[in-house]
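K.L.:
This is the content of my_file_35.cif (mmCIF, N, CA and C atoms):
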data_my_file
#
loop_
_atom_site.label_atom_id
_atom_site.label_comp_id
_atom_site.auth_asym_id
_atom_site.auth_seq_id
_atom_site.Cartn_x
_atom_site.Cartn_y
_atom_site.Cartn_z
N MET A 1 63.20 -10.59 109.08
CA MET A 1 62.65 -11.91 108.84
C MET A 1 62.62 -12.14 107.32
N ASP A 2 63.22 -13.24 106.88
CA ASP A 2 63.22 -13.52 105.44
C ASP A 2 61.99 -14.35 105.05
N ASP A 3 61.81 -14.59 103.76
CA ASP A 3 60.63 -15.30 103.27
C ASP A 3 60.51 -16.71 103.85
N GLY A 4 61.63 -17.40 104.01
CA GLY A 4 61.60 -18.75 104.59
C GLY A 4 61.10 -18.72 106.03
N GLN A 5 61.55 -17.74 106.80
CA GLN A 5 61.10 -17.60 108.18
C GLN A 5 59.61 -17.25 108.24
N ARG A 6 59.18 -16.40 107.32
CA ARG A 6 57.75 -16.04 107.28
C ARG A 6 56.91 -17.28 106.99
N ARG A 7 57.35 -18.07 106.00
CA ARG A 7 56.61 -19.30 105.67
C ARG A 7 56.55 -20.23 106.88
N GLU A 8 57.66 -20.34 107.58
CA GLU A 8 57.72 -21.19 108.77
C GLU A 8 56.74 -20.69 109.83
N GLU A 9 56.69 -19.39 110.05
CA GLU A 9 55.76 -18.81 111.02
C GLU A 9 54.31 -19.04 110.60
N ILE A 10 54.04 -18.89 109.31
CA ILE A 10 52.68 -19.12 108.81
C ILE A 10 52.30 -20.58 109.02
N ASN A 11 53.19 -21.50 108.69
CA ASN A 11 52.90 -22.93 108.88
C ASN A 11 52.69 -23.27 110.35
N LYS A 12 53.48 -22.66 111.23
CA LYS A 12 53.28 -22.89 112.67
C LYS A 12 51.91 -22.38 113.11
N THR A 13 51.55 -21.22 112.62
CA THR A 13 50.25 -20.64 112.97
C THR A 13 49.11 -21.52 112.48
N ILE A 14 49.23 -22.03 111.28
CA ILE A 14 48.20 -22.93 110.74
C ILE A 14 48.06 -24.16 111.64
N LEU A 15 49.17 -24.75 112.02
CA LEU A 15 49.11 -25.93 112.90
C LEU A 15 48.52 -25.60 114.26
N LEU A 16 48.90 -24.46 114.82
CA LEU A 16 48.42 -24.07 116.14
C LEU A 16 46.92 -23.77 116.15
N THR A 17 46.39 -23.33 115.02
CA THR A 17 44.99 -22.88 114.99
C THR A 17 44.06 -23.79 114.20
N LYS A 18 44.56 -24.91 113.73
CA LYS A 18 43.77 -25.78 112.83
C LYS A 18 42.47 -26.27 113.45
N ASP A 19 42.39 -26.39 114.75
CA ASP A 19 41.17 -26.88 115.40
C ASP A 19 40.31 -25.75 115.97
N ASN A 20 40.74 -24.52 115.81
CA ASN A 20 39.96 -23.38 116.30
C ASN A 20 38.71 -23.21 115.45
N ASP A 21 37.59 -22.87 116.10
CA ASP A 21 36.36 -22.67 115.35
C ASP A 21 35.58 -21.45 115.81
N GLY A 22 36.19 -20.58 116.59
CA GLY A 22 35.49 -19.42 117.11
C GLY A 22 35.42 -18.24 116.16
N MET A 23 36.37 -18.13 115.23
CA MET A 23 36.37 -17.03 114.29
C MET A 23 37.15 -17.44 113.05
N VAL A 24 37.01 -16.65 112.02
CA VAL A 24 37.75 -16.86 110.78
C VAL A 24 38.76 -15.72 110.66
N CYS A 25 39.99 -16.07 110.40
CA CYS A 25 41.04 -15.07 110.21
C CYS A 25 41.59 -15.24 108.80
N ASN A 26 41.42 -14.23 107.98
CA ASN A 26 41.96 -14.25 106.62
C ASN A 26 43.25 -13.45 106.58
N ILE A 27 44.30 -14.07 106.10
CA ILE A 27 45.54 -13.36 105.83
C ILE A 27 45.76 -13.54 104.34
N ALA A 28 45.66 -12.46 103.62
CA ALA A 28 45.71 -12.52 102.16
C ALA A 28 47.11 -12.19 101.67
N LEU A 29 47.78 -13.19 101.15
CA LEU A 29 49.12 -13.00 100.60
C LEU A 29 49.02 -13.15 99.08
N ASN A 30 49.60 -12.22 98.36
CA ASN A 30 49.57 -12.24 96.90
C ASN A 30 48.12 -12.34 96.39
N TYR A 31 47.27 -11.52 96.95
CA TYR A 31 45.84 -11.54 96.68
C TYR A 31 45.39 -10.18 96.15
N GLY A 32 44.42 -10.18 95.28
CA GLY A 32 43.82 -8.95 94.80
C GLY A 32 42.32 -9.15 94.64
N ALA A 33 41.53 -8.28 95.24
CA ALA A 33 40.07 -8.42 95.21
C ALA A 33 39.50 -8.26 93.81
N ARG A 34 40.05 -7.35 93.04
CA ARG A 34 39.52 -7.18 91.70
C ARG A 34 39.72 -8.45 90.87
N SER A 35 40.87 -9.10 91.04
CA SER A 35 41.11 -10.37 90.34
C SER A 35 40.15 -11.45 90.84
N GLU A 36 39.87 -11.44 92.14
CA GLU A 36 38.92 -12.41 92.69
C GLU A 36 37.53 -12.21 92.09
N ILE A 37 37.10 -10.96 91.94
CA ILE A 37 35.79 -10.68 91.36
C ILE A 37 35.74 -11.14 89.90
N ILE A 38 36.81 -10.94 89.17
CA ILE A 38 36.88 -11.43 87.78
C ILE A 38 36.79 -12.96 87.76
N ARG A 39 37.49 -13.63 88.68
CA ARG A 39 37.40 -15.10 88.75
C ARG A 39 35.96 -15.53 89.04
N ALA A 40 35.29 -14.79 89.92
CA ALA A 40 33.89 -15.12 90.24
C ALA A 40 33.01 -14.97 89.00
N ILE A 41 33.23 -13.92 88.25
CA ILE A 41 32.44 -13.72 87.03
C ILE A 41 32.68 -14.86 86.04
N LYS A 42 33.92 -15.28 85.93
CA LYS A 42 34.23 -16.41 85.04
C LYS A 42 33.57 -17.70 85.53
N ARG A 43 33.52 -17.89 86.84
CA ARG A 43 32.84 -19.07 87.40
C ARG A 43 31.35 -19.02 87.10
N ILE A 44 30.78 -17.83 87.22
CA ILE A 44 29.36 -17.66 86.91
C ILE A 44 29.12 -17.96 85.43
N ASN A 45 29.98 -17.45 84.59
CA ASN A 45 29.86 -17.70 83.15
C ASN A 45 29.93 -19.20 82.87
N ASP A 46 30.92 -19.88 83.47
CA ASP A 46 31.04 -21.33 83.26
C ASP A 46 29.79 -22.07 83.74
N ALA A 47 29.29 -21.69 84.92
CA ALA A 47 28.10 -22.35 85.46
C ALA A 47 26.87 -22.07 84.60
N SER A 48 26.80 -20.87 84.02
CA SER A 48 25.62 -20.52 83.22
C SER A 48 25.60 -21.27 81.89
N GLN A 49 26.74 -21.82 81.48
CA GLN A 49 26.76 -22.62 80.25
C GLN A 49 25.96 -23.90 80.43
N GLU A 50 25.94 -24.41 81.66
CA GLU A 50 25.20 -25.63 81.98
C GLU A 50 23.77 -25.33 82.46
N ASP A 51 23.58 -24.15 83.04
CA ASP A 51 22.26 -23.80 83.59
C ASP A 51 21.99 -22.34 83.25
N ASN A 52 21.11 -22.12 82.27
CA ASN A 52 20.88 -20.75 81.81
C ASN A 52 20.06 -19.90 82.78
N THR A 53 19.63 -20.45 83.89
CA THR A 53 18.90 -19.65 84.89
C THR A 53 19.85 -18.99 85.90
N ILE A 54 21.12 -19.35 85.85
CA ILE A 54 22.10 -18.81 86.81
C ILE A 54 22.11 -17.28 86.76
N ILE A 55 22.22 -16.72 85.58
CA ILE A 55 22.32 -15.25 85.44
C ILE A 55 21.05 -14.57 85.96
N GLN A 56 19.89 -15.09 85.60
CA GLN A 56 18.63 -14.48 86.02
C GLN A 56 18.43 -14.56 87.53
N SER A 57 18.96 -15.59 88.15
CA SER A 57 18.76 -15.76 89.59
C SER A 57 19.90 -15.16 90.42
N LEU A 58 20.88 -14.57 89.76
CA LEU A 58 22.03 -14.01 90.47
C LEU A 58 21.60 -12.84 91.35
N ASN A 59 22.04 -12.87 92.61
CA ASN A 59 21.78 -11.76 93.53
C ASN A 59 22.95 -11.64 94.49
N VAL A 60 22.87 -10.71 95.40
CA VAL A 60 23.98 -10.45 96.33
C VAL A 60 24.33 -11.69 97.13
N GLU A 61 23.32 -12.41 97.60
CA GLU A 61 23.59 -13.58 98.44
C GLU A 61 24.26 -14.71 97.67
N ASN A 62 23.75 -15.04 96.48
CA ASN A 62 24.34 -16.18 95.79
C ASN A 62 25.61 -15.82 95.00
N PHE A 63 25.88 -14.52 94.80
CA PHE A 63 27.16 -14.13 94.19
C PHE A 63 28.31 -14.58 95.08
N ASN A 64 28.11 -14.53 96.40
CA ASN A 64 29.14 -14.96 97.35
C ASN A 64 29.63 -16.37 97.06
N HIS A 65 28.77 -17.22 96.55
CA HIS A 65 29.12 -18.61 96.26
C HIS A 65 30.26 -18.72 95.25
N TYR A 66 30.42 -17.72 94.41
CA TYR A 66 31.42 -17.76 93.35
C TYR A 66 32.75 -17.12 93.75
N LEU A 67 32.81 -16.51 94.92
CA LEU A 67 34.04 -15.88 95.40
C LEU A 67 34.98 -16.91 96.02
N ASP A 68 36.25 -16.53 96.16
CA ASP A 68 37.22 -17.43 96.79
C ASP A 68 36.84 -17.74 98.24
N THR A 69 36.15 -16.83 98.89
CA THR A 69 35.78 -16.96 100.30
C THR A 69 34.35 -17.47 100.46
N GLN A 70 33.88 -18.23 99.50
CA GLN A 70 32.47 -18.59 99.39
C GLN A 70 31.83 -19.16 100.65
N GLU A 71 32.51 -19.89 101.45
CA GLU A 71 31.90 -20.50 102.64
C GLU A 71 32.13 -19.69 103.91
N GLN A 72 32.77 -18.54 103.78
CA GLN A 72 33.10 -17.75 104.95
C GLN A 72 32.07 -16.65 105.18
N PRO A 73 31.88 -16.26 106.44
CA PRO A 73 30.96 -15.16 106.72
C PRO A 73 31.56 -13.83 106.28
N ASP A 74 30.72 -12.80 106.18
CA ASP A 74 31.23 -11.47 105.87
C ASP A 74 32.21 -11.04 106.96
N ILE A 75 33.09 -10.17 106.60
CA ILE A 75 34.14 -9.71 107.51
C ILE A 75 33.58 -8.69 108.50
N ASP A 76 33.88 -8.87 109.76
CA ASP A 76 33.44 -7.95 110.81
C ASP A 76 34.43 -6.81 111.01
N ILE A 77 35.72 -7.13 110.99
CA ILE A 77 36.75 -6.12 111.23
C ILE A 77 37.91 -6.34 110.25
N LEU A 78 38.33 -5.26 109.63
CA LEU A 78 39.50 -5.29 108.75
C LEU A 78 40.61 -4.55 109.46
N ILE A 79 41.68 -5.25 109.75
CA ILE A 79 42.82 -4.66 110.46
C ILE A 79 43.91 -4.35 109.46
N ARG A 80 44.32 -3.10 109.42
CA ARG A 80 45.42 -2.68 108.56
C ARG A 80 46.61 -2.34 109.44
N THR A 81 47.77 -2.82 109.06
CA THR A 81 49.00 -2.55 109.80
C THR A 81 49.80 -1.47 109.08
N ALA A 82 50.90 -1.09 109.69
CA ALA A 82 51.85 -0.11 109.14
C ALA A 82 51.21 1.26 108.91
N GLY A 83 50.16 1.56 109.66
CA GLY A 83 49.52 2.87 109.56
C GLY A 83 48.68 3.07 108.32
N GLU A 84 48.51 2.04 107.52
CA GLU A 84 47.71 2.16 106.30
C GLU A 84 46.24 2.42 106.64
N ARG A 85 45.62 3.32 105.92
CA ARG A 85 44.22 3.66 106.16
C ARG A 85 43.39 3.51 104.88
N ARG A 86 43.90 2.73 103.96
CA ARG A 86 43.15 2.49 102.73
C ARG A 86 42.89 1.01 102.59
N ILE A 87 41.92 0.67 101.78
CA ILE A 87 41.51 -0.72 101.64
C ILE A 87 42.51 -1.52 100.81
N SER A 88 43.10 -0.91 99.81
CA SER A 88 44.16 -1.53 99.01
C SER A 88 43.76 -2.81 98.29
N ASN A 89 42.58 -2.84 97.68
CA ASN A 89 42.18 -3.99 96.88
C ASN A 89 42.06 -5.26 97.72
N PHE A 90 41.67 -5.12 98.96
CA PHE A 90 41.60 -6.25 99.90
C PHE A 90 40.16 -6.63 100.19
N LEU A 91 39.74 -7.79 99.73
CA LEU A 91 38.42 -8.34 100.01
C LEU A 91 37.31 -7.30 99.82
N LEU A 92 37.32 -6.65 98.68
CA LEU A 92 36.40 -5.53 98.43
C LEU A 92 34.94 -5.91 98.60
N TRP A 93 34.54 -7.05 98.12
CA TRP A 93 33.14 -7.48 98.23
C TRP A 93 32.81 -7.82 99.68
N GLN A 94 33.71 -8.52 100.35
CA GLN A 94 33.45 -9.07 101.68
C GLN A 94 33.47 -8.03 102.80
N ILE A 95 34.12 -6.89 102.58
CA ILE A 95 34.22 -5.89 103.65
C ILE A 95 33.17 -4.79 103.53
N HIS A 96 32.12 -5.03 102.80
CA HIS A 96 31.11 -4.00 102.55
C HIS A 96 30.58 -3.36 103.82
N ASN A 97 30.61 -4.06 104.94
CA ASN A 97 30.08 -3.50 106.19
C ASN A 97 31.07 -3.68 107.34
N ALA A 98 32.33 -3.88 107.01
CA ALA A 98 33.34 -4.15 108.04
C ALA A 98 33.79 -2.88 108.76
N TYR A 99 34.21 -3.06 109.99
CA TYR A 99 34.82 -2.00 110.79
C TYR A 99 36.29 -1.95 110.38
N LEU A 100 36.77 -0.78 109.97
CA LEU A 100 38.16 -0.64 109.55
C LEU A 100 39.00 -0.14 110.72
N TRP A 101 40.09 -0.84 110.98
CA TRP A 101 40.94 -0.49 112.12
C TRP A 101 42.39 -0.48 111.65
N ALA A 102 43.12 0.58 111.98
CA ALA A 102 44.51 0.72 111.56
C ALA A 102 45.43 0.79 112.76
N ASP A 103 46.59 0.17 112.63
CA ASP A 103 47.63 0.19 113.67
C ASP A 103 48.94 0.60 113.00
N LYS A 104 49.74 1.40 113.68
CA LYS A 104 51.00 1.86 113.10
C LYS A 104 52.08 0.78 113.08
N THR A 105 51.84 -0.30 113.80
CA THR A 105 52.82 -1.38 113.86
C THR A 105 52.91 -2.08 112.51
N PHE A 106 54.12 -2.36 112.06
CA PHE A 106 54.29 -3.09 110.81
C PHE A 106 53.92 -4.56 111.01
N TRP A 107 53.47 -5.21 109.95
CA TRP A 107 52.94 -6.57 110.04
C TRP A 107 53.87 -7.55 110.76
N PRO A 108 55.13 -7.64 110.43
CA PRO A 108 55.92 -8.67 111.12
C PRO A 108 55.97 -8.50 112.64
N ASP A 109 55.77 -7.26 113.11
CA ASP A 109 55.83 -6.99 114.54
C ASP A 109 54.47 -6.96 115.21
N PHE A 110 53.40 -7.06 114.44
CA PHE A 110 52.04 -7.04 114.99
C PHE A 110 51.86 -8.28 115.86
N ASN A 111 51.43 -8.09 117.10
CA ASN A 111 51.39 -9.21 118.04
C ASN A 111 50.04 -9.29 118.76
N VAL A 112 49.96 -10.18 119.71
CA VAL A 112 48.70 -10.40 120.42
C VAL A 112 48.23 -9.16 121.17
N GLU A 113 49.15 -8.34 121.65
CA GLU A 113 48.75 -7.11 122.33
C GLU A 113 48.08 -6.15 121.34
N ASN A 114 48.66 -6.02 120.14
CA ASN A 114 48.05 -5.17 119.12
C ASN A 114 46.66 -5.70 118.74
N LEU A 115 46.56 -7.00 118.59
CA LEU A 115 45.28 -7.62 118.23
C LEU A 115 44.24 -7.40 119.32
N THR A 116 44.67 -7.50 120.57
CA THR A 116 43.76 -7.27 121.70
C THR A 116 43.22 -5.85 121.68
N VAL A 117 44.09 -4.87 121.42
CA VAL A 117 43.65 -3.48 121.33
C VAL A 117 42.64 -3.31 120.20
N ALA A 118 42.91 -3.93 119.06
CA ALA A 118 41.99 -3.85 117.92
C ALA A 118 40.62 -4.42 118.29
N PHE A 119 40.61 -5.58 118.93
CA PHE A 119 39.35 -6.21 119.31
C PHE A 119 38.61 -5.39 120.37
N GLN A 120 39.36 -4.79 121.31
CA GLN A 120 38.72 -3.95 122.32
C GLN A 120 38.06 -2.73 121.68
N ASP A 121 38.76 -2.14 120.72
CA ASP A 121 38.20 -0.99 120.02
C ASP A 121 36.96 -1.39 119.22
N TYR A 122 37.03 -2.52 118.55
CA TYR A 122 35.88 -3.03 117.80
C TYR A 122 34.70 -3.32 118.73
N ASN A 123 34.99 -3.90 119.88
CA ASN A 123 33.94 -4.19 120.86
C ASN A 123 33.28 -2.89 121.34
N SER A 124 34.08 -1.85 121.57
CA SER A 124 33.53 -0.55 121.96
C SER A 124 32.61 -0.01 120.88
N TYR A 125 33.02 -0.16 119.64
CA TYR A 125 32.18 0.26 118.52
C TYR A 125 30.86 -0.48 118.53
N LEU A 126 30.90 -1.80 118.74
CA LEU A 126 29.67 -2.58 118.77
C LEU A 126 28.75 -2.14 119.89
N MET A 127 29.34 -1.83 121.05
CA MET A 127 28.53 -1.40 122.20
C MET A 127 27.84 -0.07 121.88
N LYS A 128 28.53 0.85 121.18
CA LYS A 128 27.93 2.14 120.81
C LYS A 128 26.77 1.91 119.85
N GLN A 129 26.88 0.91 118.99
CA GLN A 129 25.83 0.63 118.01
C GLN A 129 24.54 0.14 118.68
N LYS A 130 24.69 -0.46 119.85
CA LYS A 130 23.53 -1.01 120.56
C LYS A 130 22.77 0.07 121.32
N VAL A 131 23.38 1.21 121.55
CA VAL A 131 22.74 2.29 122.32
C VAL A 131 21.62 2.93 121.55
#
Please render this file's structure as structure tokens.
P.N.:
Amino acid sequence: MDDGQRREEINKTILLTKDNDGMVCNIALNYGARSEIIRAIKRINDASQEDNTIIQSLNVENFNHYLDTQEQPDIDILIRTAGERRISNFLLWQIHNAYLWADKTFWPDFNVENLTVAFQDYNSYLMKQKV
């Protein structure tokens, strides 16, 4: 699959899911969490120029407001494809309590069956937490 085909698939997916409201799915392309955190710090700095109480009132909850994902909930499950078992600079702040799940399938081939297995495994984890 070439880049044009990938873009086409992404655009189709966006159109197919634009009215969905049951969950948030982040697909991070050309993204780096450390860069996002630096951008957040710069936003805080800019905001503090107008309101000097920003820094003193900064805490874990309101720091989220300055991230790229500011309106999104914390991540419940982080799915890694291609057998990767490391975080790789991916949503470092947002995955602080996420369930990490890895699949050996490479991303272009990852499909609804793989996703179903991931969700079933995550659900089993949640059930164990309730015991």
K.L.:
Run DSSP on the backbone and give me the residues of chain A it puts in strand (DSSP E or B), as a list in words.
P.N.:
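Of chain A, the ones in strand (DSSP E or B) are Ile77, Leu78, Ile79, Arg80, Tyr99, Leu100, Trp101 and Ala102 of chain A.
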K.L.:
Save out the residues we just selected, N, CA and C atoms, as a PDB file, in the frame of the given file.
P.N.:
ATOM      1  N   ILE A  77      35.720  -7.130 110.990  1.00  0.00           N
ATOM      2  CA  ILE A  77      36.750  -6.120 111.230  1.00  0.00           C
ATOM      3  C   ILE A  77      37.910  -6.340 110.250  1.00  0.00           C
ATOM      4  N   LEU A  78      38.330  -5.260 109.630  1.00  0.00           N
ATOM      5  CA  LEU A  78      39.500  -5.290 108.750  1.00  0.00           C
ATOM      6  C   LEU A  78      40.610  -4.550 109.460  1.00  0.00           C
ATOM      7  N   ILE A  79      41.680  -5.250 109.750  1.00  0.00           N
ATOM      8  CA  ILE A  79      42.820  -4.660 110.460  1.00  0.00           C
ATOM      9  C   ILE A  79      43.910  -4.350 109.460  1.00  0.00           C
ATOM     10  N   ARG A  80      44.320  -3.100 109.420  1.00  0.00           N
ATOM     11  CA  ARG A  80      45.420  -2.680 108.560  1.00  0.00           C
ATOM     12  C   ARG A  80      46.610  -2.340 109.440  1.00  0.00           C
ATOM     13  N   TYR A  99      34.210  -3.060 109.990  1.00  0.00           N
ATOM     14  CA  TYR A  99      34.820  -2.000 110.790  1.00  0.00           C
ATOM     15  C   TYR A  99      36.290  -1.950 110.380  1.00  0.00           C
ATOM     16  N   LEU A 100      36.770  -0.780 109.970  1.00  0.00           N
ATOM     17  CA  LEU A 100      38.160  -0.640 109.550  1.00  0.00           C
ATOM     18  C   LEU A 100      39.000  -0.140 110.720  1.00  0.00           C
ATOM     19  N   TRP A 101      40.090  -0.840 110.980  1.00  0.00           N
ATOM     20  CA  TRP A 101      40.940  -0.490 112.120  1.00  0.00           C
ATOM     21  C   TRP A 101      42.390  -0.480 111.650  1.00  0.00           C
ATOM     22  N   ALA A 102      43.120   0.580 111.980  1.00  0.00           N
ATOM     23  CA  ALA A 102      44.510   0.720 111.560  1.00  0.00           C
ATOM     24  C   ALA A 102      45.430   0.790 112.760  1.00  0.00           C
TER      25      ALA A 102
END
K.L.:
List the residues selected by the PyMOL selection byres ((chain A and resi 102-107) around 8) in the file shown, writing them as a PyMOL selection string.
P.N.:
chain A and resi 78-86+99-101+108-111+114+118
K.L.:
Using only C-alpha atoms, which of the listed residues (A:Asp74, A:Asp68, A:Glu113, A:Glu8) sits closest to Arg43 of chain A?
P.N.:
A:Asp68
K.L.:
Please return, as a PyMOL selection string, all residues of chain A that DSSP assigns to alpha helix (DSSP H) on the basis of the backbone.
P.N.:
chain A and resi 3-17+33-50+54-57+60-63+112-130
K.L.:
Just checking: using only C-alpha atoms, which residue out of A:Thr53, A:Gln120, A:Asn62, A:Ser35 ends up closest to Phe90 of chain A?
P.N.:
A:Ser35
K.L.:
Just the number, please: distance in Å from atom CA of Leu29 of chain A to atom N of Leu92 of chain A, one decimal.
P.N.:
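Going from atom CA of Leu29 of chain A over to atom N of Leu92 of chain A, I get 13.5 Å.
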K.L.:
Would you mind reading off the distance between atom CA of Ala28 of chain A and atom N of Ser88 of chain A, one decimal, in Å?
P.N.:
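Separation between atom CA of Ala28 of chain A and atom N of Ser88 of chain A: 12.1 Å.
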K.L.:
Using Å and a single decimal, report how far atom C of Val112 of chain A sits from atom N of Gly22 of chain A.
P.N.:
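Straight-line distance from atom N of Gly22 of chain A to atom C of Val112 of chain A works out to 17.2 Å.
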K.L.:
Counting only C-alpha atoms, what is within 12 Å of Asp76 of chain A, bar same-chain residues fewer than 2 positions away, as a PDB file with N, CA and C atoms, in the coordinates of the input?
P.N.:
ATOM      1  N   MET A  23      36.370 -18.130 115.230  1.00  0.00           N
ATOM      2  CA  MET A  23      36.370 -17.030 114.290  1.00  0.00           C
ATOM      3  C   MET A  23      37.150 -17.440 113.050  1.00  0.00           C
ATOM      4  N   VAL A  24      37.010 -16.650 112.020  1.00  0.00           N
ATOM      5  CA  VAL A  24      37.750 -16.860 110.780  1.00  0.00           C
ATOM      6  C   VAL A  24      38.760 -15.720 110.660  1.00  0.00           C
ATOM      7  N   CYS A  25      39.990 -16.070 110.400  1.00  0.00           N
ATOM      8  CA  CYS A  25      41.040 -15.070 110.210  1.00  0.00           C
ATOM      9  C   CYS A  25      41.590 -15.240 108.800  1.00  0.00           C
ATOM     10  N   ASN A  26      41.420 -14.230 107.980  1.00  0.00           N
ATOM     11  CA  ASN A  26      41.960 -14.250 106.620  1.00  0.00           C
ATOM     12  C   ASN A  26      43.250 -13.450 106.580  1.00  0.00           C
ATOM     13  N   GLN A  72      32.770 -18.540 103.780  1.00  0.00           N
ATOM     14  CA  GLN A  72      33.100 -17.750 104.950  1.00  0.00           C
ATOM     15  C   GLN A  72      32.070 -16.650 105.180  1.00  0.00           C
ATOM     16  N   PRO A  73      31.880 -16.260 106.440  1.00  0.00           N
ATOM     17  CA  PRO A  73      30.960 -15.160 106.720  1.00  0.00           C
ATOM     18  C   PRO A  73      31.560 -13.830 106.280  1.00  0.00           C
ATOM     19  N   ASP A  74      30.720 -12.800 106.180  1.00  0.00           N
ATOM     20  CA  ASP A  74      31.230 -11.470 105.870  1.00  0.00           C
ATOM     21  C   ASP A  74      32.210 -11.040 106.960  1.00  0.00           C
ATOM     22  N   LEU A  78      38.330  -5.260 109.630  1.00  0.00           N
ATOM     23  CA  LEU A  78      39.500  -5.290 108.750  1.00  0.00           C
ATOM     24  C   LEU A  78      40.610  -4.550 109.460  1.00  0.00           C
ATOM     25  N   ILE A  79      41.680  -5.250 109.750  1.00  0.00           N
ATOM     26  CA  ILE A  79      42.820  -4.660 110.460  1.00  0.00           C
ATOM     27  C   ILE A  79      43.910  -4.350 109.460  1.00  0.00           C
ATOM     28  N   LEU A  91      39.740  -7.790  99.730  1.00  0.00           N
ATOM     29  CA  LEU A  91      38.420  -8.340 100.010  1.00  0.00           C
ATOM     30  C   LEU A  91      37.310  -7.300  99.820  1.00  0.00           C
ATOM     31  N   GLN A  94      33.710  -8.520 100.350  1.00  0.00           N
ATOM     32  CA  GLN A  94      33.450  -9.070 101.680  1.00  0.00           C
ATOM     33  C   GLN A  94      33.470  -8.030 102.800  1.00  0.00           C
ATOM     34  N   ILE A  95      34.120  -6.890 102.580  1.00  0.00           N
ATOM     35  CA  ILE A  95      34.220  -5.890 103.650  1.00  0.00           C
ATOM     36  C   ILE A  95      33.170  -4.790 103.530  1.00  0.00           C
ATOM     37  N   HIS A  96      32.120  -5.030 102.800  1.00  0.00           N
ATOM     38  CA  HIS A  96      31.110  -4.000 102.550  1.00  0.00           C
ATOM     39  C   HIS A  96      30.580  -3.360 103.820  1.00  0.00           C
ATOM     40  N   ASN A  97      30.610  -4.060 104.940  1.00  0.00           N
ATOM     41  CA  ASN A  97      30.080  -3.500 106.190  1.00  0.00           C
ATOM     42  C   ASN A  97      31.070  -3.680 107.340  1.00  0.00           C
ATOM     43  N   ALA A  98      32.330  -3.880 107.010  1.00  0.00           N
ATOM     44  CA  ALA A  98      33.340  -4.150 108.040  1.00  0.00           C
ATOM     45  C   ALA A  98      33.790  -2.880 108.760  1.00  0.00           C
ATOM     46  N   TYR A  99      34.210  -3.060 109.990  1.00  0.00           N
ATOM     47  CA  TYR A  99      34.820  -2.000 110.790  1.00  0.00           C
ATOM     48  C   TYR A  99      36.290  -1.950 110.380  1.00  0.00           C
ATOM     49  N   LEU A 100      36.770  -0.780 109.970  1.00  0.00           N
ATOM     50  CA  LEU A 100      38.160  -0.640 109.550  1.00  0.00           C
ATOM     51  C   LEU A 100      39.000  -0.140 110.720  1.00  0.00           C
ATOM     52  N   TRP A 101      40.090  -0.840 110.980  1.00  0.00           N
ATOM     53  CA  TRP A 101      40.940  -0.490 112.120  1.00  0.00           C
ATOM     54  C   TRP A 101      42.390  -0.480 111.650  1.00  0.00           C
ATOM     55  N   ALA A 118      42.910  -3.930 119.060  1.00  0.00           N
ATOM     56  CA  ALA A 118      41.990  -3.850 117.920  1.00  0.00           C
ATOM     57  C   ALA A 118      40.620  -4.420 118.290  1.00  0.00           C
ATOM     58  N   PHE A 119      40.610  -5.580 118.930  1.00  0.00           N
ATOM     59  CA  PHE A 119      39.350  -6.210 119.310  1.00  0.00           C
ATOM     60  C   PHE A 119      38.610  -5.390 120.370  1.00  0.00           C
ATOM     61  N   TYR A 122      37.030  -2.520 118.550  1.00  0.00           N
ATOM     62  CA  TYR A 122      35.880  -3.030 117.800  1.00  0.00           C
ATOM     63  C   TYR A 122      34.700  -3.320 118.730  1.00  0.00           C
ATOM     64  N   ASN A 123      34.990  -3.900 119.880  1.00  0.00           N
ATOM     65  CA  ASN A 123      33.940  -4.190 120.860  1.00  0.00           C
ATOM     66  C   ASN A 123      33.280  -2.890 121.340  1.00  0.00           C
ATOM     67  N   TYR A 125      33.020  -0.160 119.640  1.00  0.00           N
ATOM     68  CA  TYR A 125      32.180   0.260 118.520  1.00  0.00           C
ATOM     69  C   TYR A 125      30.860  -0.480 118.530  1.00  0.00           C
ATOM     70  N   LEU A 126      30.900  -1.800 118.740  1.00  0.00           N
ATOM     71  CA  LEU A 126      29.670  -2.580 118.770  1.00  0.00           C
ATOM     72  C   LEU A 126      28.750  -2.140 119.890  1.00  0.00           C
TER      73      LEU A 126
END
K.L.:
Can you pull out every residue within 12 Å of Ile37 of chain A, counting only C-alpha atoms, but drop anything in the same chain fewer than 3 positions away, and send it as a list in words?
P.N.:
Tyr31, Gly32, Ala33, Arg34, Ala40, Ile41, Lys42, Arg43, Ile44, Phe63, Asn64, His65, Tyr66, Leu67, Asp68, Thr69, Gln70, Asn89, Phe90, Leu91, Leu92, Trp93 and Gln94 of chain A
K.L.:
Taking all listed atoms of segment 68-84 of chain A, build the axis-aligned box, pad each of the six sides by 8 Å, then write its centre and edge lengths in Å to one decimal as JSON.
P.N.:
{"center_x": 41.3, "center_y": -8.7, "center_z": 103.7, "size_x": 37.1, "size_y": 39.6, "size_z": 31.1}
K.L.:
Only C-alpha atoms, please: segment 24-36 of chain A from the block, as a short mmCIF file (atom, residue, chain, number, x, y, z; two decimals), in the first residue's frame.
P.N.:
data_model
loop_
_atom_site.label_atom_id
_atom_site.label_comp_id
_atom_site.auth_asym_id
_atom_site.auth_seq_id
_atom_site.Cartn_x
_atom_site.Cartn_y
_atom_site.Cartn_z
CA VAL A 24 -12.17 7.95 20.90
CA CYS A 25 -9.61 6.38 18.60
CA ASN A 26 -6.29 8.18 18.22
CA ILE A 27 -4.07 7.28 15.31
CA ALA A 28 -0.91 9.31 15.64
CA LEU A 29 0.92 9.91 12.38
CA ASN A 30 4.14 11.93 12.43
CA TYR A 31 3.60 12.54 16.14
CA GLY A 32 5.97 12.67 19.09
CA ALA A 33 4.88 12.95 22.72
CA ARG A 34 7.97 14.77 23.86
CA SER A 35 7.34 17.45 21.22
CA GLU A 36 3.72 17.64 22.34
#
